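Visitor: One structure coming up, written as structure tokens, with questions to follow.
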Amino acid sequence: MSTTLALISFALLGAPLFVIFGAIALYSFFHANIDTSAIMIEFYRMASAPTLITIPLFTFAGYLMAESGTPKRLVNVAQAVLGWMPGGLAIVTIFSCAFFTAFTGASGVTIIALGGLMYPILMREKYDDKFAMGLVTSCGSLGLLFPPSLPLILYGLIANVNIDKLFLAGIIPGIVLVTALSLYGMYFGSKKGVHRVPFVLKNVFKSVKEAAWETPLPFIILGGIYGGFITASEAAAVTAFYVLIVEVFIYRDIKLFKDVPRIIRESMLLVGGILIILGVAMGMTNYLVDARVPMKLFEWVSQYISSKIMFLVLLNIFLLIVGCLMDIFSATIVVVPLITPIAYKYGVNPVHLGIIFLTNLEIGYLTPPVGLNLFISSFRFGRSIIQLYRIAIPYLIILIICLIIITYVPWFSTFLVDVLQVK
């Protein structure tokens, strides 16, 4: 009891998450008379995973893009192609944020980089302030289901699910979320009669030419992996090298000796934090599995829940709460090992479960009272958090409706995997 209280006290005092997980793992193994070297064995097992290298490489590529002129070039392309539609600028914001978040894997970076770019433009084009603020806040985490999103990779590592399958499985659900928000943007644009950007073929060619080195990236990654030319790990290496060459030597947005070392340091700080937490958490998970904690949870849950549908309802509620309380990386590392054995007992497809999990965490960023997107927007735009609660409500409703569809229609998650017969 005293140990538990001590750990809770350290957590409340702001102790790093990896310290708490490590302490729990060490105490649990020691208390069970198991050699604590089991934790280091988990570190070794994690380090030897072939797909682990994808995390630092894709993260580095995302940080390079965030520091360059990529956000502005992507916005110009989207505006030239989509700006003519009702609510065209809103759709531009949605598509740009989804593309950008897929590569950075970080909601905060998208709100600060693209949100800070798009919000003044939306206001200049006479969009309603509440609509514009809600849009850039909700779009901050949009795109986490699209490859090569870091949370997809991390989920695959933790749940032992094929990452190639997860990359495919997230595409259609991601499109569902983007389409739903786009339809709302079109409705708002038509209702308010906001300015549209005329479709001019010359502008399309100009913007596409300016971003000609960046727009092919998703096709290079997906085409390479599912065309059988490269693995996910090789795709990460190709992406990092490609982005480095493009941003440093072609666009020259980033200085090789001035900016690149700083970007490497900042991106690897994030990766290092994730890997340390991952290692100690996997050690803790190993103990939980040995102690049959997931099985005991299933036995307890099955006493009250007999149907798969009811289980998924409660799972969504639980994950939305987790998503608003924890960042997506910590939540994935901590929660996934506990819920996956239970979900499998209820017959939930492992790939489908991954998409349900990440969609919930994506929406959790926008969920009051402590959704991360709300606090980042509050800081970035100088708004009260209570005001952002009200502004986020319509977007939250739309995304939850999409979550229900994605949860109860597994086809959205499994169709591409089944069609392409990914093993």
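Going through the structure tokens in order, the chains are called A, B, and so on, while each chain numbers its residues from 1 and the ligands are numbered from 1 in the order shown.
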Neighbouring residues of region 164-179 of chain A were defined as those with any atom within 8 Å, considering only C-alpha atoms; residues of the same chain fewer than 6 positions away were excluded. Please report them as a PyMOL selection string.

Guide: chain A and resi 94-95+98+142-148+152-153+156+225+232+351-352+354-355+399+402+406+412-417+422-423

Visitor: Please, could you write that set of residues out with N, CA and C atoms as a compact mmCIF listing (two decimals), in the first residue's frame?

Guide:
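So out-v2.txt came out as:
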# COMPACT_ATOMS: atom_id res chain seq x y z
N ILE A 94 -8.51 21.25 -44.15
CA ILE A 94 -8.69 19.86 -43.75
C ILE A 94 -7.70 18.94 -44.45
N PHE A 95 -7.59 19.08 -45.78
CA PHE A 95 -6.70 18.21 -46.55
C PHE A 95 -5.24 18.47 -46.20
N ALA A 98 -4.46 17.01 -42.75
CA ALA A 98 -4.43 15.55 -42.78
C ALA A 98 -3.11 15.05 -43.38
N LEU A 142 -6.16 15.31 -37.24
CA LEU A 142 -6.69 14.63 -38.43
C LEU A 142 -5.52 14.13 -39.28
N GLY A 143 -5.58 12.91 -39.69
CA GLY A 143 -4.49 12.36 -40.50
C GLY A 143 -3.69 11.30 -39.79
N LEU A 144 -3.98 11.05 -38.50
CA LEU A 144 -3.22 10.04 -37.76
C LEU A 144 -3.49 8.62 -38.26
N LEU A 145 -4.55 8.45 -39.04
CA LEU A 145 -4.85 7.12 -39.59
C LEU A 145 -4.17 6.87 -40.93
N PHE A 146 -3.61 7.92 -41.53
CA PHE A 146 -2.98 7.77 -42.83
C PHE A 146 -1.50 7.40 -42.68
N PRO A 147 -1.00 6.49 -43.53
CA PRO A 147 0.43 6.16 -43.48
C PRO A 147 1.25 7.37 -43.94
N PRO A 148 2.46 7.55 -43.40
CA PRO A 148 3.17 6.66 -42.46
C PRO A 148 3.08 7.15 -41.02
N LEU A 152 0.38 4.65 -35.94
CA LEU A 152 0.11 3.37 -36.60
C LEU A 152 1.27 2.40 -36.40
N ILE A 153 2.48 2.91 -36.57
CA ILE A 153 3.67 2.07 -36.41
C ILE A 153 3.80 1.60 -34.97
N GLY A 156 1.32 -1.09 -34.11
CA GLY A 156 1.73 -2.36 -34.69
C GLY A 156 2.80 -3.05 -33.87
N ILE A 225 5.81 0.00 -50.91
CA ILE A 225 5.51 -1.09 -49.98
C ILE A 225 4.59 -2.13 -50.62
N ALA A 232 8.45 -1.74 -45.10
CA ALA A 232 8.11 -0.52 -44.35
C ALA A 232 9.38 0.15 -43.80
N VAL A 351 -6.64 -5.96 -36.76
CA VAL A 351 -6.42 -4.76 -37.58
C VAL A 351 -7.53 -3.74 -37.34
N HIS A 352 -8.77 -4.23 -37.31
CA HIS A 352 -9.91 -3.35 -37.06
C HIS A 352 -9.81 -2.72 -35.68
N GLY A 354 -7.11 -1.97 -34.10
CA GLY A 354 -6.11 -0.90 -34.18
C GLY A 354 -6.70 0.40 -34.69
N ILE A 355 -7.54 0.32 -35.70
CA ILE A 355 -8.16 1.52 -36.28
C ILE A 355 -9.17 2.13 -35.30
N LEU A 399 -17.19 13.88 -35.61
CA LEU A 399 -16.15 12.85 -35.52
C LEU A 399 -16.64 11.62 -34.76
N CYS A 402 -18.63 9.51 -37.07
CA CYS A 402 -17.70 8.75 -37.92
C CYS A 402 -17.11 7.57 -37.15
N ILE A 406 -17.12 3.67 -38.21
CA ILE A 406 -15.87 2.91 -38.34
C ILE A 406 -15.87 1.70 -37.41
N PHE A 412 -14.75 -0.98 -43.50
CA PHE A 412 -13.94 0.21 -43.77
C PHE A 412 -12.46 -0.04 -43.43
N SER A 413 -12.21 -0.84 -42.42
CA SER A 413 -10.84 -1.11 -41.99
C SER A 413 -10.21 -2.30 -42.70
N THR A 414 -11.02 -3.26 -43.11
CA THR A 414 -10.46 -4.52 -43.63
C THR A 414 -10.52 -4.66 -45.14
N PHE A 415 -11.27 -3.80 -45.82
CA PHE A 415 -11.49 -3.97 -47.26
C PHE A 415 -10.19 -3.99 -48.05
N LEU A 416 -9.37 -2.96 -47.90
CA LEU A 416 -8.13 -2.88 -48.68
C LEU A 416 -7.15 -3.99 -48.32
N VAL A 417 -7.13 -4.36 -47.04
CA VAL A 417 -6.26 -5.45 -46.60
C VAL A 417 -6.66 -6.74 -47.27
N VAL A 422 -2.76 -8.71 -48.17
CA VAL A 422 -1.52 -8.48 -47.45
C VAL A 422 -1.37 -9.51 -46.35
N LYS A 423 -0.21 -10.14 -46.28
CA LYS A 423 0.01 -11.20 -45.28
C LYS A 423 0.80 -10.68 -44.10

Visitor: Please build the interface table for region 263-343 of chain A against region 52-64 of chain A with a cut-off of 10 Å, listing for each qualifying residue the nearest atom pair and the distance in Å to one decimal; count only C-alpha atoms, order rows by chain and increasing number, and write it as JSON lines.

Guide:
{"residue": "A:Ile263", "atom": "CA", "partner": "A:Tyr63", "partner_atom": "CA", "distance": 6.6}
{"residue": "A:Ile264", "atom": "CA", "partner": "A:Phe60", "partner_atom": "CA", "distance": 6.5}
{"residue": "A:Arg265", "atom": "CA", "partner": "A:Phe60", "partner_atom": "CA", "distance": 9.4}
{"residue": "A:Glu266", "atom": "CA", "partner": "A:Tyr63", "partner_atom": "CA", "distance": 8.3}
{"residue": "A:Ser267", "atom": "CA", "partner": "A:Phe60", "partner_atom": "CA", "distance": 5.7}
{"residue": "A:Met268", "atom": "CA", "partner": "A:Pro56", "partner_atom": "CA", "distance": 6.7}
{"residue": "A:Leu269", "atom": "CA", "partner": "A:Pro56", "partner_atom": "CA", "distance": 9.9}
{"residue": "A:Leu270", "atom": "CA", "partner": "A:Thr59", "partner_atom": "CA", "distance": 8.4}
{"residue": "A:Val271", "atom": "CA", "partner": "A:Pro56", "partner_atom": "CA", "distance": 5.9}
{"residue": "A:Gly272", "atom": "CA", "partner": "A:Pro56", "partner_atom": "CA", "distance": 8.7}
{"residue": "A:Ile274", "atom": "CA", "partner": "A:Ile55", "partner_atom": "CA", "distance": 9.3}
{"residue": "A:Leu275", "atom": "CA", "partner": "A:Ile55", "partner_atom": "CA", "distance": 9.2}

Visitor: Per DSSP on the backbone, filter region 28-130 of chain A down to the residues in helix (DSSP H, G or I) and report them as a PyMOL selection string.

Guide: chain A and resi 28-31+37-47+50-67+70-82+88-104+107-124+129-130

Visitor: Name all residues at most 10 Å from region 122-126 of chain A (count only C-alpha atoms; drop same-chain ones fewer than 5 positions away) and give them as number ranges by chain.

Guide: A: 89-90, 93, 117, 131-133, 135-136, 192-197

Visitor: Would you save the residues of that selection, restricted to C-alpha atoms, as a PDB file, in the first residue's frame?

Guide:
ATOM      1  CA  LEU A  89     -10.697  27.166 -47.951  1.00  0.00           C
ATOM      2  CA  ALA A  90     -12.086  25.023 -45.124  1.00  0.00           C
ATOM      3  CA  THR A  93      -7.347  23.372 -44.335  1.00  0.00           C
ATOM      4  CA  LEU A 117      -0.864  29.644 -41.178  1.00  0.00           C
ATOM      5  CA  PHE A 131     -15.873  28.050 -37.270  1.00  0.00           C
ATOM      6  CA  ALA A 132     -12.250  28.858 -38.168  1.00  0.00           C
ATOM      7  CA  MET A 133     -10.978  28.262 -34.639  1.00  0.00           C
ATOM      8  CA  LEU A 135     -11.604  23.841 -37.724  1.00  0.00           C
ATOM      9  CA  VAL A 136      -7.894  24.370 -37.062  1.00  0.00           C
ATOM     10  CA  LYS A 192     -22.464  31.909 -45.215  1.00  0.00           C
ATOM     11  CA  GLY A 193     -21.599  32.565 -48.858  1.00  0.00           C
ATOM     12  CA  VAL A 194     -17.873  32.820 -48.123  1.00  0.00           C
ATOM     13  CA  HIS A 195     -15.397  33.721 -50.843  1.00  0.00           C
ATOM     14  CA  ARG A 196     -14.262  30.994 -53.251  1.00  0.00           C
ATOM     15  CA  VAL A 197     -10.985  30.889 -55.123  1.00  0.00           C
TER      16      VAL A 197
END

Visitor: So the first atom is CA of Phe229 (chain A) and the second is CA of Ile163 (chain A); what is the distance between them in Å, to one decimal place?

Guide: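 CA of Ile163 (chain A) lies at a distance of 15.9 Å from CA of Phe229 (chain A).
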
Visitor: How many Å lie between CA of Asp128 (chain A) and CA of Ile404 (chain A), rounded to one decimal?

Guide: 28.6 Å

Visitor: When you count only C-alpha atoms, which of these residues is closest to Ser378 (chain A): A:Ile111, A:Leu82, A:Val409, A:Leu420?

Guide: A:Ile111

Visitor: For a test of reading the model, state the distance in Å between CA of Ser141 (chain A) and CA of Asn373 (chain A), rounded to one decimal.

Guide: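 About the pair CA of Ser141 (chain A) and CA of Asn373 (chain A): they are 7.6 Å apart.
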
Visitor: Near Leu312 (chain A), within 9 Å and counting only C-alpha atoms, which residues show up once chain neighbours fewer than 5 positions away are dropped, as a list in words?

Guide: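 Residues meeting the cut-off are Ser307, Ile317, Ala343, Val348, Thr407 and Tyr408 of chain A.
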